[in-house]
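S.K.: So that you have it, the file is target13.json, and it contains JSON, C-alpha atoms:
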[["chain", "number", "residue", "atom", "x", "y", "z"],
["Z", 1136, "MET", "CA", 0.00, 0.00, 0.00],
["Z", 1137, "VAL", "CA", 2.78, 2.39, 1.01],
["Z", 1138, "LYS", "CA", 4.70, 1.48, -2.12],
["Z", 1139, "LYS", "CA", 1.66, 2.21, -4.31],
["Z", 1140, "MET", "CA", 1.15, 5.56, -2.61],
["Z", 1141, "MET", "CA", 4.78, 6.45, -3.16],
["Z", 1142, "ILE", "CA", 4.56, 5.54, -6.85],
["Z", 1143, "ALA", "CA", 1.36, 7.55, -7.24],
["Z", 1144, "SER", "CA", 2.93, 10.50, -5.43],
["Z", 1145, "CYS", "CA", 5.97, 10.32, -7.67],
["Z", 1146, "ILE", "CA", 3.75, 10.44, -10.75],
["Z", 1147, "VAL", "CA", 1.90, 13.48, -9.38],
["Z", 1148, "PHE", "CA", 5.23, 15.05, -8.53],
["Z", 1149, "CYS", "CA", 6.64, 14.51, -12.01],
["Z", 1150, "ILE", "CA", 3.56, 16.02, -13.62],
["Z", 1151, "SER", "CA", 3.66, 18.98, -11.24],
["Z", 1152, "CYS", "CA", 7.33, 19.58, -11.93],
["Z", 1153, "ASN", "CA", 6.80, 19.95, -15.62],
["Z", 1154, "PRO", "CA", 5.25, 23.36, -16.36],
["Z", 1155, "ASP", "CA", 5.21, 22.55, -20.08],
["Z", 1156, "VAL", "CA", 2.54, 19.87, -19.99],
["Z", 1157, "SER", "CA", 1.21, 20.02, -23.48],
["Z", 1158, "LEU", "CA", -2.34, 20.90, -24.34],
["Z", 1159, "SER", "CA", -3.98, 19.53, -27.45],
["Z", 1160, "GLU", "CA", -4.81, 21.92, -30.25],
["Z", 1161, "SER", "CA", -8.53, 21.23, -29.83],
["Z", 1162, "GLU", "CA", -8.30, 22.13, -26.15],
["Z", 1163, "MET", "CA", -6.47, 25.35, -26.98],
["Z", 1164, "ILE", "CA", -9.08, 26.18, -29.63],
["Z", 1165, "LYS", "CA", -11.84, 25.57, -27.09],
["Z", 1166, "VAL", "CA", -10.28, 28.08, -24.68],
["Z", 1167, "SER", "CA", -9.65, 30.60, -27.44],
["Z", 1168, "GLU", "CA", -13.22, 30.25, -28.74],
["Z", 1169, "SER", "CA", -14.67, 31.00, -25.32],
["Z", 1170, "PHE", "CA", -12.85, 34.36, -25.32],
["Z", 1171, "HIS", "CA", -13.91, 35.10, -28.90],
["Z", 1172, "ILE", "CA", -17.57, 34.40, -28.17],
["Z", 1173, "ALA", "CA", -17.53, 36.59, -25.07],
["Z", 1174, "LEU", "CA", -15.68, 39.50, -26.69],
["Z", 1175, "GLU", "CA", -17.57, 39.41, -29.98],
["Z", 1176, "GLN", "CA", -20.78, 39.90, -28.01],
["Z", 1177, "ALA", "CA", -19.51, 42.22, -25.28],
["Z", 1178, "MET", "CA", -17.62, 44.72, -27.44],
["Z", 1179, "PRO", "CA", -20.55, 45.87, -29.61],
["Z", 1180, "ASP", "CA", -22.81, 45.73, -26.51],
["Z", 1181, "LYS", "CA", -20.34, 47.92, -24.57],
["Z", 1182, "ASP", "CA", -20.57, 45.36, -21.78],
["Z", 1183, "LEU", "CA", -17.57, 46.39, -19.71],
["Z", 1184, "ASP", "CA", -18.33, 44.00, -16.82],
["Z", 1185, "THR", "CA", -18.20, 40.96, -19.11],
["Z", 1186, "ILE", "CA", -14.99, 42.17, -20.74],
["Z", 1187, "LEU", "CA", -13.28, 42.71, -17.37],
["Z", 1188, "LYS", "CA", -14.33, 39.27, -16.14],
["Z", 1189, "LEU", "CA", -12.13, 37.83, -18.88],
["Z", 1190, "TYR", "CA", -9.02, 39.45, -17.41],
["Z", 1191, "GLU", "CA", -6.82, 38.44, -14.49],
["Z", 1192, "GLU", "CA", -6.59, 40.89, -11.58],
["Z", 1193, "ASP", "CA", -2.99, 41.74, -12.50],
["Z", 1194, "ALA", "CA", -3.40, 41.47, -16.27],
["Z", 1195, "ILE", "CA", -1.60, 43.74, -18.72],
["Z", 1196, "TYR", "CA", -3.43, 45.41, -21.58],
["Z", 1197, "LEU", "CA", -1.74, 47.40, -24.33],
["Z", 1198, "PRO", "CA", -4.47, 49.20, -26.26],
["Z", 1199, "MET", "CA", -3.90, 51.23, -29.38],
["Z", 1200, "SER", "CA", -3.45, 54.55, -27.60],
["Z", 1201, "GLY", "CA", -1.73, 55.38, -24.35],
["Z", 1202, "THR", "CA", 0.80, 53.41, -22.42],
["Z", 1203, "ILE", "CA", 0.74, 49.99, -20.73],
["Z", 1204, "LEU", "CA", -2.31, 49.39, -18.54],
["Z", 1205, "LYS", "CA", -1.72, 47.12, -15.53],
["Z", 1206, "GLY", "CA", -4.49, 45.73, -13.38],
["Z", 1207, "LYS", "CA", -8.23, 45.59, -13.84],
["Z", 1208, "GLU", "CA", -8.87, 49.14, -12.64],
["Z", 1209, "ASN", "CA", -6.60, 50.63, -15.29],
["Z", 1210, "ILE", "CA", -7.77, 48.17, -17.93],
["Z", 1211, "ALA", "CA", -11.36, 49.29, -17.24],
["Z", 1212, "LYS", "CA", -10.34, 52.89, -17.95],
["Z", 1213, "GLY", "CA", -8.73, 51.81, -21.21],
["Z", 1214, "TYR", "CA", -11.83, 49.94, -22.32],
["Z", 1215, "GLU", "CA", -14.07, 52.85, -21.32],
["Z", 1216, "ARG", "CA", -12.22, 54.92, -23.91],
["Z", 1217, "THR", "CA", -12.38, 52.15, -26.54],
["Z", 1218, "LEU", "CA", -16.08, 51.60, -25.94],
["Z", 1219, "GLN", "CA", -16.83, 55.24, -26.67],
["Z", 1220, "ASN", "CA", -16.68, 54.10, -30.28],
["Z", 1221, "ASN", "CA", -19.86, 52.56, -31.58],
["Z", 1222, "LEU", "CA", -19.03, 49.11, -32.84],
["Z", 1223, "ALA", "CA", -21.49, 47.61, -35.28],
["Z", 1224, "SER", "CA", -19.56, 44.36, -35.30],
["Z", 1225, "PHE", "CA", -16.43, 42.84, -33.79],
["Z", 1226, "GLU", "CA", -14.99, 39.59, -35.12],
["Z", 1227, "MET", "CA", -11.84, 37.79, -33.97],
["Z", 1228, "VAL", "CA", -10.11, 35.54, -36.50],
["Z", 1229, "ARG", "CA", -7.47, 33.28, -35.00],
["Z", 1230, "GLU", "CA", -4.25, 32.85, -37.00],
["Z", 1231, "ALA", "CA", -2.05, 30.78, -34.68],
["Z", 1232, "LEU", "CA", -2.14, 29.13, -31.29],
["Z", 1233, "SER", "CA", 0.70, 27.75, -29.21],
["Z", 1234, "GLY", "CA", 1.63, 27.18, -25.61],
["Z", 1235, "ASP", "CA", 1.17, 24.63, -22.89],
["Z", 1236, "VAL", "CA", -1.33, 23.81, -20.20],
["Z", 1237, "ASN", "CA", -0.41, 26.92, -18.22],
["Z", 1238, "HIS", "CA", -0.25, 29.51, -20.97],
["Z", 1239, "ILE", "CA", -1.94, 29.71, -24.35],
["Z", 1240, "LEU", "CA", -0.57, 32.20, -26.85],
["Z", 1241, "GLU", "CA", -2.81, 33.36, -29.64],
["Z", 1242, "ILE", "CA", -2.35, 35.74, -32.52],
["Z", 1243, "GLY", "CA", -5.05, 36.80, -34.92],
["Z", 1244, "ILE", "CA", -6.95, 39.53, -36.70],
["Z", 1245, "ILE", "CA", -9.88, 41.58, -35.45],
["Z", 1246, "ASN", "CA", -12.29, 42.81, -38.07],
["Z", 1247, "ALA", "CA", -14.38, 45.63, -36.67],
["Z", 1248, "VAL", "CA", -17.04, 47.87, -38.13],
["Z", 1249, "PHE", "CA", -17.41, 51.27, -36.48],
["Z", 1250, "ARG", "CA", -20.64, 53.21, -36.80],
["Z", 1251, "ARG", "CA", -20.89, 56.98, -36.68],
["Z", 1252, "ASP", "CA", -24.37, 58.29, -37.44],
["Z", 1253, "THR", "CA", -25.22, 56.61, -40.72],
["Z", 1254, "LEU", "CA", -21.59, 56.08, -41.70],
["Z", 1255, "GLU", "CA", -19.88, 52.73, -41.24],
["Z", 1256, "MET", "CA", -16.10, 52.31, -41.28],
["Z", 1257, "LYS", "CA", -14.19, 49.06, -41.34],
["Z", 1258, "GLY", "CA", -11.05, 48.54, -39.31],
["Z", 1259, "SER", "CA", -8.62, 45.65, -39.14],
["Z", 1260, "PHE", "CA", -6.36, 45.02, -36.17],
["Z", 1261, "LYS", "CA", -3.83, 42.40, -35.20],
["Z", 1262, "TYR", "CA", -3.92, 40.98, -31.69],
["Z", 1263, "GLN", "CA", -1.65, 38.91, -29.48],
["Z", 1264, "ASN", "CA", -3.33, 37.41, -26.44],
["Z", 1265, "THR", "CA", -1.93, 35.25, -23.65],
["Z", 1266, "TYR", "CA", -4.43, 33.23, -21.65],
["Z", 1267, "ARG", "CA", -3.18, 31.91, -18.33],
["Z", 1268, "ARG", "CA", -4.53, 28.89, -16.46],
["Z", 1269, "GLN", "CA", -6.03, 29.64, -13.07],
["Z", 1270, "THR", "CA", -5.97, 27.40, -10.00],
["Z", 1271, "ASP", "CA", -9.54, 26.24, -10.75],
["Z", 1272, "GLY", "CA", -8.50, 25.12, -14.24],
["Z", 1273, "SER", "CA", -10.17, 28.00, -16.07],
["Z", 1274, "TYR", "CA", -8.25, 30.48, -18.22],
["Z", 1275, "LEU", "CA", -8.15, 34.26, -18.00],
["Z", 1276, "MET", "CA", -6.53, 36.91, -20.16],
["Z", 1277, "HIS", "CA", -3.03, 37.57, -18.89],
["Z", 1278, "ARG", "CA", -1.76, 39.87, -21.65],
["Z", 1279, "ALA", "CA", -3.36, 41.51, -24.65],
["Z", 1280, "ILE", "CA", -1.95, 43.83, -27.29],
["Z", 1281, "TYR", "CA", -3.56, 45.26, -30.42],
["Z", 1282, "ASN", "CA", -2.24, 47.19, -33.39],
["Z", 1283, "ILE", "CA", -3.33, 48.20, -36.85],
["Z", 1284, "ASN", "CA", -3.37, 45.53, -39.51],
["Z", 1285, "GLN", "CA", -2.65, 46.37, -43.11],
["Z", 1286, "ASN", "CA", -5.55, 45.39, -45.34],
["Y", 357, "MET", "CA", 6.06, 8.12, 5.46],
["Y", 358, "LYS", "CA", 4.61, 11.39, 6.75],
["Y", 359, "GLN", "CA", 7.93, 13.12, 6.18],
["Y", 360, "PHE", "CA", 8.01, 11.81, 2.63],
["Y", 361, "VAL", "CA", 4.52, 13.17, 1.90],
["Y", 362, "VAL", "CA", 5.34, 16.58, 3.41],
["Y", 363, "LEU", "CA", 8.58, 16.77, 1.44],
["Y", 364, "LEU", "CA", 6.77, 15.80, -1.74],
["Y", 365, "ALA", "CA", 4.05, 18.40, -1.16],
["Y", 366, "LEU", "CA", 6.66, 21.11, -0.62],
["Y", 367, "LEU", "CA", 8.54, 20.12, -3.75],
["Y", 368, "CYS", "CA", 5.31, 20.15, -5.78],
["Y", 369, "LEU", "CA", 4.44, 23.58, -4.40],
["Y", 370, "TYR", "CA", 7.88, 24.89, -5.28],
["Y", 371, "PHE", "CA", 7.87, 23.58, -8.83],
["Y", 372, "THR", "CA", 4.27, 24.50, -9.63],
["Y", 373, "THR", "CA", 4.74, 28.09, -8.49],
["Y", 374, "ASN", "CA", 8.07, 28.62, -10.18],
["Y", 375, "ALA", "CA", 6.54, 30.96, -12.77],
["Y", 376, "GLN", "CA", 7.27, 34.33, -11.24],
["Y", 377, "THR", "CA", 6.80, 37.99, -11.94],
["Y", 378, "GLY", "CA", 9.91, 40.10, -11.73],
["Y", 379, "ASP", "CA", 12.35, 37.22, -11.18],
["Y", 380, "PRO", "CA", 15.73, 39.03, -11.28],
["Y", 381, "LYS", "CA", 17.24, 36.28, -13.47],
["Y", 382, "LEU", "CA", 14.47, 36.64, -16.04],
["Y", 383, "VAL", "CA", 14.61, 40.43, -15.87],
["Y", 384, "ALA", "CA", 18.36, 40.27, -16.52],
["Y", 385, "ILE", "CA", 17.82, 38.05, -19.57],
["Y", 386, "VAL", "CA", 15.27, 40.37, -21.21],
["Y", 387, "GLN", "CA", 17.29, 43.45, -20.24],
["Y", 388, "GLN", "CA", 20.30, 41.97, -22.00],
["Y", 389, "GLN", "CA", 18.20, 41.30, -25.10],
["Y", 390, "ALA", "CA", 16.82, 44.85, -24.99],
["Y", 391, "GLU", "CA", 20.38, 46.16, -24.92],
["Y", 392, "ARG", "CA", 21.20, 44.03, -27.97],
["Y", 393, "PHE", "CA", 18.31, 45.62, -29.86],
["Y", 394, "GLU", "CA", 19.34, 49.09, -28.68],
["Y", 395, "ASP", "CA", 22.83, 48.51, -30.03],
["Y", 396, "LEU", "CA", 21.93, 46.77, -33.29],
["Y", 397, "VAL", "CA", 18.91, 48.72, -34.53],
["Y", 398, "PRO", "CA", 20.56, 52.16, -35.00],
["Y", 399, "LYS", "CA", 23.48, 50.38, -36.72],
["Y", 400, "LYS", "CA", 21.01, 48.52, -38.96],
["Y", 401, "LYS", "CA", 22.76, 45.21, -38.28],
["Y", 402, "LEU", "CA", 20.03, 43.14, -39.83],
["Y", 403, "ASP", "CA", 21.75, 39.73, -39.70],
["Y", 404, "GLU", "CA", 22.35, 40.01, -35.98],
["Y", 405, "ILE", "CA", 18.83, 41.30, -35.33],
["Y", 406, "ILE", "CA", 17.33, 38.33, -37.16],
["Y", 407, "GLU", "CA", 19.43, 35.95, -35.05],
["Y", 408, "ILE", "CA", 17.54, 37.20, -31.98],
["Y", 409, "TYR", "CA", 14.38, 35.59, -33.38],
["Y", 410, "SER", "CA", 13.57, 31.87, -33.40],
["Y", 411, "GLU", "CA", 13.28, 30.13, -36.78],
["Y", 412, "ASP", "CA", 9.47, 30.04, -36.45],
["Y", 413, "ALA", "CA", 9.06, 33.46, -34.84],
["Y", 414, "ILE", "CA", 6.07, 35.68, -35.45],
["Y", 415, "TYR", "CA", 6.53, 39.43, -35.81],
["Y", 416, "GLY", "CA", 3.55, 41.77, -35.73],
["Y", 417, "PRO", "CA", 4.63, 45.36, -36.37],
["Y", 418, "GLU", "CA", 2.26, 48.32, -36.39],
["Y", 419, "ASN", "CA", 0.51, 49.14, -39.67],
["Y", 420, "ASN", "CA", 1.40, 45.84, -41.24],
["Y", 421, "VAL", "CA", 0.61, 42.15, -41.31],
["Y", 422, "PHE", "CA", 1.99, 39.29, -39.22],
["Y", 423, "TYR", "CA", 5.32, 37.98, -40.50],
["Y", 424, "GLN", "CA", 6.29, 34.39, -39.72],
["Y", 425, "GLY", "CA", 9.78, 32.96, -39.95],
["Y", 426, "ARG", "CA", 13.15, 34.65, -40.12],
["Y", 427, "ALA", "CA", 13.08, 35.32, -43.88],
["Y", 428, "GLU", "CA", 9.75, 37.15, -43.64],
["Y", 429, "ILE", "CA", 10.78, 39.04, -40.51],
["Y", 430, "GLU", "CA", 13.92, 40.17, -42.29],
["Y", 431, "LYS", "CA", 11.77, 41.70, -45.04],
["Y", 432, "ALA", "CA", 9.77, 43.60, -42.42],
["Y", 433, "TRP", "CA", 12.88, 44.97, -40.73],
["Y", 434, "LYS", "CA", 14.26, 46.03, -44.13],
["Y", 435, "GLN", "CA", 11.19, 48.24, -44.51],
["Y", 436, "THR", "CA", 11.91, 49.79, -41.11],
["Y", 437, "PHE", "CA", 15.47, 50.45, -42.20],
["Y", 438, "THR", "CA", 14.39, 52.72, -45.03],
["Y", 439, "TYR", "CA", 14.63, 55.37, -42.28],
["Y", 440, "GLU", "CA", 17.73, 56.46, -40.48],
["Y", 441, "ILE", "CA", 17.39, 55.52, -36.81],
["Y", 442, "ALA", "CA", 19.25, 57.93, -34.54],
["Y", 443, "ASP", "CA", 18.29, 56.21, -31.30],
["Y", 444, "PHE", "CA", 16.39, 53.13, -30.16],
["Y", 445, "ASN", "CA", 15.33, 52.29, -26.64],
["Y", 446, "MET", "CA", 13.49, 49.38, -25.02],
["Y", 447, "ASP", "CA", 12.43, 49.34, -21.39],
["Y", 448, "PRO", "CA", 10.97, 46.08, -20.02],
["Y", 449, "VAL", "CA", 8.12, 46.95, -17.65],
["Y", 450, "SER", "CA", 6.74, 43.52, -16.80],
["Y", 451, "VAL", "CA", 8.64, 40.25, -16.93],
["Y", 452, "TYR", "CA", 7.07, 36.94, -16.03],
["Y", 453, "GLY", "CA", 7.74, 33.30, -16.76],
["Y", 454, "ASP", "CA", 10.01, 30.41, -16.01],
["Y", 455, "LYS", "CA", 13.29, 29.03, -17.31],
["Y", 456, "ASN", "CA", 11.67, 27.86, -20.55],
["Y", 457, "THR", "CA", 9.44, 30.77, -21.53],
["Y", 458, "ILE", "CA", 9.59, 34.45, -20.64],
["Y", 459, "TYR", "CA", 6.67, 36.83, -21.15],
["Y", 460, "GLU", "CA", 7.75, 40.44, -21.42],
["Y", 461, "ALA", "CA", 5.83, 43.69, -21.84],
["Y", 462, "GLY", "CA", 7.54, 47.02, -22.16],
["Y", 463, "ILE", "CA", 7.73, 50.49, -23.60],
["Y", 464, "GLY", "CA", 10.27, 52.06, -25.88],
["Y", 465, "TYR", "CA", 11.00, 54.69, -28.45],
["Y", 466, "SER", "CA", 12.70, 55.16, -31.78],
["Y", 467, "VAL", "CA", 14.19, 58.43, -32.91],
["Y", 468, "LEU", "CA", 13.88, 58.51, -36.68],
["Y", 469, "LYS", "CA", 15.63, 60.97, -38.96],
["Y", 470, "ILE", "CA", 13.25, 61.94, -41.71],
["Y", 471, "GLN", "CA", 14.44, 64.53, -44.22],
["Y", 472, "GLY", "CA", 17.03, 65.72, -41.74],
["Y", 473, "GLN", "CA", 14.55, 66.15, -38.91],
["Y", 474, "GLU", "CA", 14.35, 63.92, -35.87],
["Y", 475, "GLN", "CA", 11.02, 62.39, -34.97],
["Y", 476, "LYS", "CA", 10.44, 60.43, -31.79],
["Y", 477, "VAL", "CA", 8.07, 57.47, -32.02],
["Y", 478, "ASN", "CA", 6.91, 55.89, -28.76],
["Y", 479, "PHE", "CA", 5.89, 52.27, -28.75],
["Y", 480, "LYS", "CA", 4.86, 49.53, -26.37],
["Y", 481, "TYR", "CA", 5.42, 45.88, -26.95],
["Y", 482, "VAL", "CA", 4.76, 42.30, -25.87],
["Y", 483, "ASN", "CA", 7.55, 39.79, -26.41],
["Y", 484, "VAL", "CA", 7.63, 36.07, -25.72],
["Y", 485, "TRP", "CA", 11.06, 34.43, -25.35],
["Y", 486, "ARG", "CA", 11.71, 30.70, -25.54],
["Y", 487, "LYS", "CA", 14.80, 28.90, -24.33],
["Y", 488, "GLU", "CA", 16.50, 27.09, -27.19],
["Y", 489, "LYS", "CA", 19.81, 25.28, -27.55],
["Y", 490, "ASP", "CA", 21.73, 28.50, -28.17],
["Y", 491, "GLY", "CA", 19.95, 30.70, -25.65],
["Y", 492, "TYR", "CA", 16.67, 32.58, -25.47],
["Y", 493, "LYS", "CA", 15.02, 33.37, -28.79],
["Y", 494, "LEU", "CA", 12.21, 35.78, -29.50],
["Y", 495, "VAL", "CA", 9.17, 33.75, -30.64],
["Y", 496, "ILE", "CA", 6.48, 36.43, -30.70],
["Y", 497, "ASP", "CA", 7.11, 40.16, -31.05],
["Y", 498, "THR", "CA", 4.19, 42.57, -31.30],
["Y", 499, "TYR", "CA", 4.21, 46.31, -30.76],
["Y", 500, "ASN", "CA", 2.00, 49.33, -31.23],
["Y", 501, "VAL", "CA", 2.92, 52.99, -31.42],
["Y", 502, "TYR", "CA", 1.43, 55.84, -29.48],
["Y", 503, "LEU", "CA", 1.84, 59.57, -29.76],
["Y", 504, "ASP", "CA", 0.51, 60.62, -26.38],
["Y", 505, "LYS", "CA", 3.49, 59.74, -24.22],
["Y", 506, "GLY", "CA", 2.54, 59.19, -20.60],
["Y", 507, "ALA", "CA", -1.18, 59.05, -21.33]]
Could you render the structure as structure tokens?
M.R.:
Amino acid sequence: MVKKMMIASCIVFCISCNPDVSLSESEMIKVSESFHIALEQAMPDKDLDTILKLYEEDAIYLPMSGTILKGKENIAKGYERTLQNNLASFEMVREALSGDVNHILEIGIINAVFRRDTLEMKGSFKYQNTYRRQTDGSYLMHRAIYNINQN
Amino acid sequence: MKQFVVLLALLCLYFTTNAQTGDPKLVAIVQQQAERFEDLVPKKKLDEIIEIYSEDAIYGPENNVFYQGRAEIEKAWKQTFTYEIADFNMDPVSVYGDKNTIYEAGIGYSVLKIQGQEQKVNFKYVNVWRKEKDGYKLVIDTYNVYLDKGA
């Protein structure tokens, strides 16, 4: 019995020691999709609470204007500025995923349509997101940066 | 037996929490890489700049597309080098990770010489470094520019 426990403990130990436990592509896609679904709905709806729930407490957000925003309070201020724009649509198109069980790195393109009165303007942006695994097994946004994409 | 379990638990705790923010060793690594960029960019030493990137690196500069792989990244940097660069600075603000992967966010500036006049361009960036056989290589490099310094 003791021997079995020691073997089991050693297995747990070995898994714990390796921070690079791989994550299948389908699992990474599943995580990424959950963020896409939430943001694609929340951004046009100007739903700041939902957006902030996607971020870690000490997350880092690098929006288009201004400097680095650290922590949810500052990130909220950044999004308040972004959400002053009227977004008719917001679509995230994933280009690449990598990482391990603890961190998922994603790059992709955001296609957005801004509405001002009756005028609609299209914008294309690149993004790089890092999702970090939490102690409960869920993932939250750890880092996010956006910049202009050339159409 | 009890001692073994306690020891094992402590070891697991140590290894599972080894991803740290602001680890001086990790900060030193990214600071050294920043200094390499600061030295090489104004001198337009393209070959040495490209060596900083991994073979499969992704580079997402402002106002352009994602470039993947050293050959493509080289093309992107060649475009940057159409300007004379009087000064280049990178300042890591947040460094997090472990011995295998380092997640860095920072701010910086370029001083470009355009038609004899100097123009300062502020930028912020997110870099991801991966440990390879010959040291840490840049695997993802994304930045955006901002005019309102300190905003």
S.K.: Fewer than 5 positions away in the same chain doesn't count, so skip those; otherwise give me all residues within 9 Å of Ser1159 (chain Z), counting only C-alpha atoms, as a JSON list (two decimals) with C-alpha atoms, keeping the file's coordinate frame.
M.R.:
[["chain", "number", "residue", "atom", "x", "y", "z"],
["Z", 1164, "ILE", "CA", -9.08, 26.18, -29.63],
["Z", 1235, "ASP", "CA", 1.17, 24.63, -22.89],
["Z", 1236, "VAL", "CA", -1.33, 23.81, -20.20]]
S.K.: When distances are computed from all atoms listed in the file, which of Y:Gln475, Y:Gln435, Y:Gln387, Y:Thr457 shows the smallest separation from Glu488 (chain Y)?
M.R.: Y:Thr457
S.K.: Near Gly1243 (chain Z), within 8 Å and counting only C-alpha atoms, which residues show up once chain neighbours fewer than 2 positions away are dropped, as a PyMOL selection string?
M.R.: chain Z and resi 1227-1231+1241+1245+1261-1263
S.K.: What is the CA of Glu407 (chain Y) to CA of Tyr499 (chain Y) distance in Å?
M.R.: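 If I compute the distance from CA of Glu407 (chain Y) to CA of Tyr499 (chain Y), I get 18.9 Å.
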S.K.: Given the point (16.6, 61.5, -39.7) in the file's coordinates, find the residues that have an atom at most 7 Å from it, counting all atoms listed in the file, and give them as a PDB file with C-alpha atoms, in the frame of the given file.
M.R.:
ATOM      1  CA  TYR Y 439      14.630  55.370 -42.280  1.00  0.00           C
ATOM      2  CA  GLU Y 440      17.730  56.460 -40.480  1.00  0.00           C
ATOM      3  CA  ILE Y 441      17.390  55.520 -36.810  1.00  0.00           C
ATOM      4  CA  ALA Y 442      19.250  57.930 -34.540  1.00  0.00           C
ATOM      5  CA  LEU Y 468      13.880  58.510 -36.680  1.00  0.00           C
ATOM      6  CA  LYS Y 469      15.630  60.970 -38.960  1.00  0.00           C
ATOM      7  CA  ILE Y 470      13.250  61.940 -41.710  1.00  0.00           C
ATOM      8  CA  GLN Y 471      14.440  64.530 -44.220  1.00  0.00           C
ATOM      9  CA  GLY Y 472      17.030  65.720 -41.740  1.00  0.00           C
ATOM     10  CA  GLN Y 473      14.550  66.150 -38.910  1.00  0.00           C
ATOM     11  CA  GLU Y 474      14.350  63.920 -35.870  1.00  0.00           C
TER      12      GLU Y 474
END
S.K.: Would you fill out region 485-490 of chain Y with all heavy atoms and return it as a PDB file, in the coordinates of the input?
M.R.:
ATOM      1  N   TRP Y 485       9.734  35.032 -25.124  1.00  0.00           N
ATOM      2  CA  TRP Y 485      11.060  34.430 -25.350  1.00  0.00           C
ATOM      3  C   TRP Y 485      11.006  32.956 -24.991  1.00  0.00           C
ATOM      4  O   TRP Y 485      10.389  32.586 -23.993  1.00  0.00           O
ATOM      5  CB  TRP Y 485      12.105  35.101 -24.462  1.00  0.00           C
ATOM      6  CG  TRP Y 485      12.251  36.570 -24.696  1.00  0.00           C
ATOM      7  CD1 TRP Y 485      11.551  37.570 -24.072  1.00  0.00           C
ATOM      8  CD2 TRP Y 485      13.141  37.217 -25.606  1.00  0.00           C
ATOM      9  NE1 TRP Y 485      11.956  38.800 -24.541  1.00  0.00           N
ATOM     10  CE2 TRP Y 485      12.931  38.609 -25.483  1.00  0.00           C
ATOM     11  CE3 TRP Y 485      14.091  36.757 -26.515  1.00  0.00           C
ATOM     12  CZ2 TRP Y 485      13.641  39.547 -26.238  1.00  0.00           C
ATOM     13  CZ3 TRP Y 485      14.801  37.686 -27.257  1.00  0.00           C
ATOM     14  CH2 TRP Y 485      14.579  39.065 -27.117  1.00  0.00           C
ATOM     15  N   ARG Y 486      11.672  32.143 -25.798  1.00  0.00           N
ATOM     16  CA  ARG Y 486      11.710  30.700 -25.540  1.00  0.00           C
ATOM     17  C   ARG Y 486      13.164  30.252 -25.442  1.00  0.00           C
ATOM     18  O   ARG Y 486      13.999  30.659 -26.268  1.00  0.00           O
ATOM     19  CB  ARG Y 486      11.003  29.961 -26.685  1.00  0.00           C
ATOM     20  CG  ARG Y 486      10.895  28.451 -26.482  1.00  0.00           C
ATOM     21  CD  ARG Y 486      10.087  27.837 -27.621  1.00  0.00           C
ATOM     22  NE  ARG Y 486      10.761  28.007 -28.899  1.00  0.00           N
ATOM     23  CZ  ARG Y 486      10.116  28.082 -30.073  1.00  0.00           C
ATOM     24  NH1 ARG Y 486       8.816  28.008 -30.133  1.00  0.00           N
ATOM     25  NH2 ARG Y 486      10.796  28.229 -31.192  1.00  0.00           N
ATOM     26  N   LYS Y 487      13.435  29.407 -24.467  1.00  0.00           N
ATOM     27  CA  LYS Y 487      14.800  28.900 -24.330  1.00  0.00           C
ATOM     28  C   LYS Y 487      15.067  27.843 -25.386  1.00  0.00           C
ATOM     29  O   LYS Y 487      14.323  26.866 -25.488  1.00  0.00           O
ATOM     30  CB  LYS Y 487      15.027  28.330 -22.934  1.00  0.00           C
ATOM     31  CG  LYS Y 487      16.493  28.095 -22.649  1.00  0.00           C
ATOM     32  CD  LYS Y 487      16.723  27.636 -21.242  1.00  0.00           C
ATOM     33  CE  LYS Y 487      18.221  27.532 -20.980  1.00  0.00           C
ATOM     34  NZ  LYS Y 487      18.500  26.981 -19.667  1.00  0.00           N
ATOM     35  N   GLU Y 488      16.096  28.073 -26.172  1.00  0.00           N
ATOM     36  CA  GLU Y 488      16.500  27.090 -27.190  1.00  0.00           C
ATOM     37  C   GLU Y 488      17.939  26.671 -26.913  1.00  0.00           C
ATOM     38  O   GLU Y 488      18.547  27.146 -25.953  1.00  0.00           O
ATOM     39  CB  GLU Y 488      16.327  27.696 -28.579  1.00  0.00           C
ATOM     40  CG  GLU Y 488      14.861  28.022 -28.865  1.00  0.00           C
ATOM     41  CD  GLU Y 488      14.575  28.404 -30.305  1.00  0.00           C
ATOM     42  OE1 GLU Y 488      15.530  28.599 -31.080  1.00  0.00           O
ATOM     43  OE2 GLU Y 488      13.388  28.515 -30.638  1.00  0.00           O
ATOM     44  N   LYS Y 489      18.463  25.820 -27.777  1.00  0.00           N
ATOM     45  CA  LYS Y 489      19.810  25.280 -27.550  1.00  0.00           C
ATOM     46  C   LYS Y 489      20.857  26.377 -27.376  1.00  0.00           C
ATOM     47  O   LYS Y 489      21.758  26.270 -26.563  1.00  0.00           O
ATOM     48  CB  LYS Y 489      20.210  24.376 -28.720  1.00  0.00           C
ATOM     49  CG  LYS Y 489      19.579  22.996 -28.649  1.00  0.00           C
ATOM     50  CD  LYS Y 489      19.963  22.182 -29.869  1.00  0.00           C
ATOM     51  CE  LYS Y 489      19.197  20.879 -29.928  1.00  0.00           C
ATOM     52  NZ  LYS Y 489      19.381  20.186 -31.197  1.00  0.00           N
ATOM     53  N   ASP Y 490      20.723  27.432 -28.192  1.00  0.00           N
ATOM     54  CA  ASP Y 490      21.730  28.500 -28.170  1.00  0.00           C
ATOM     55  C   ASP Y 490      21.207  29.757 -27.463  1.00  0.00           C
ATOM     56  O   ASP Y 490      21.475  30.875 -27.883  1.00  0.00           O
ATOM     57  CB  ASP Y 490      22.200  28.814 -29.592  1.00  0.00           C
ATOM     58  CG  ASP Y 490      21.039  29.076 -30.531  1.00  0.00           C
ATOM     59  OD1 ASP Y 490      19.889  28.761 -30.173  1.00  0.00           O
ATOM     60  OD2 ASP Y 490      21.276  29.622 -31.626  1.00  0.00           O
TER      61      ASP Y 490
END
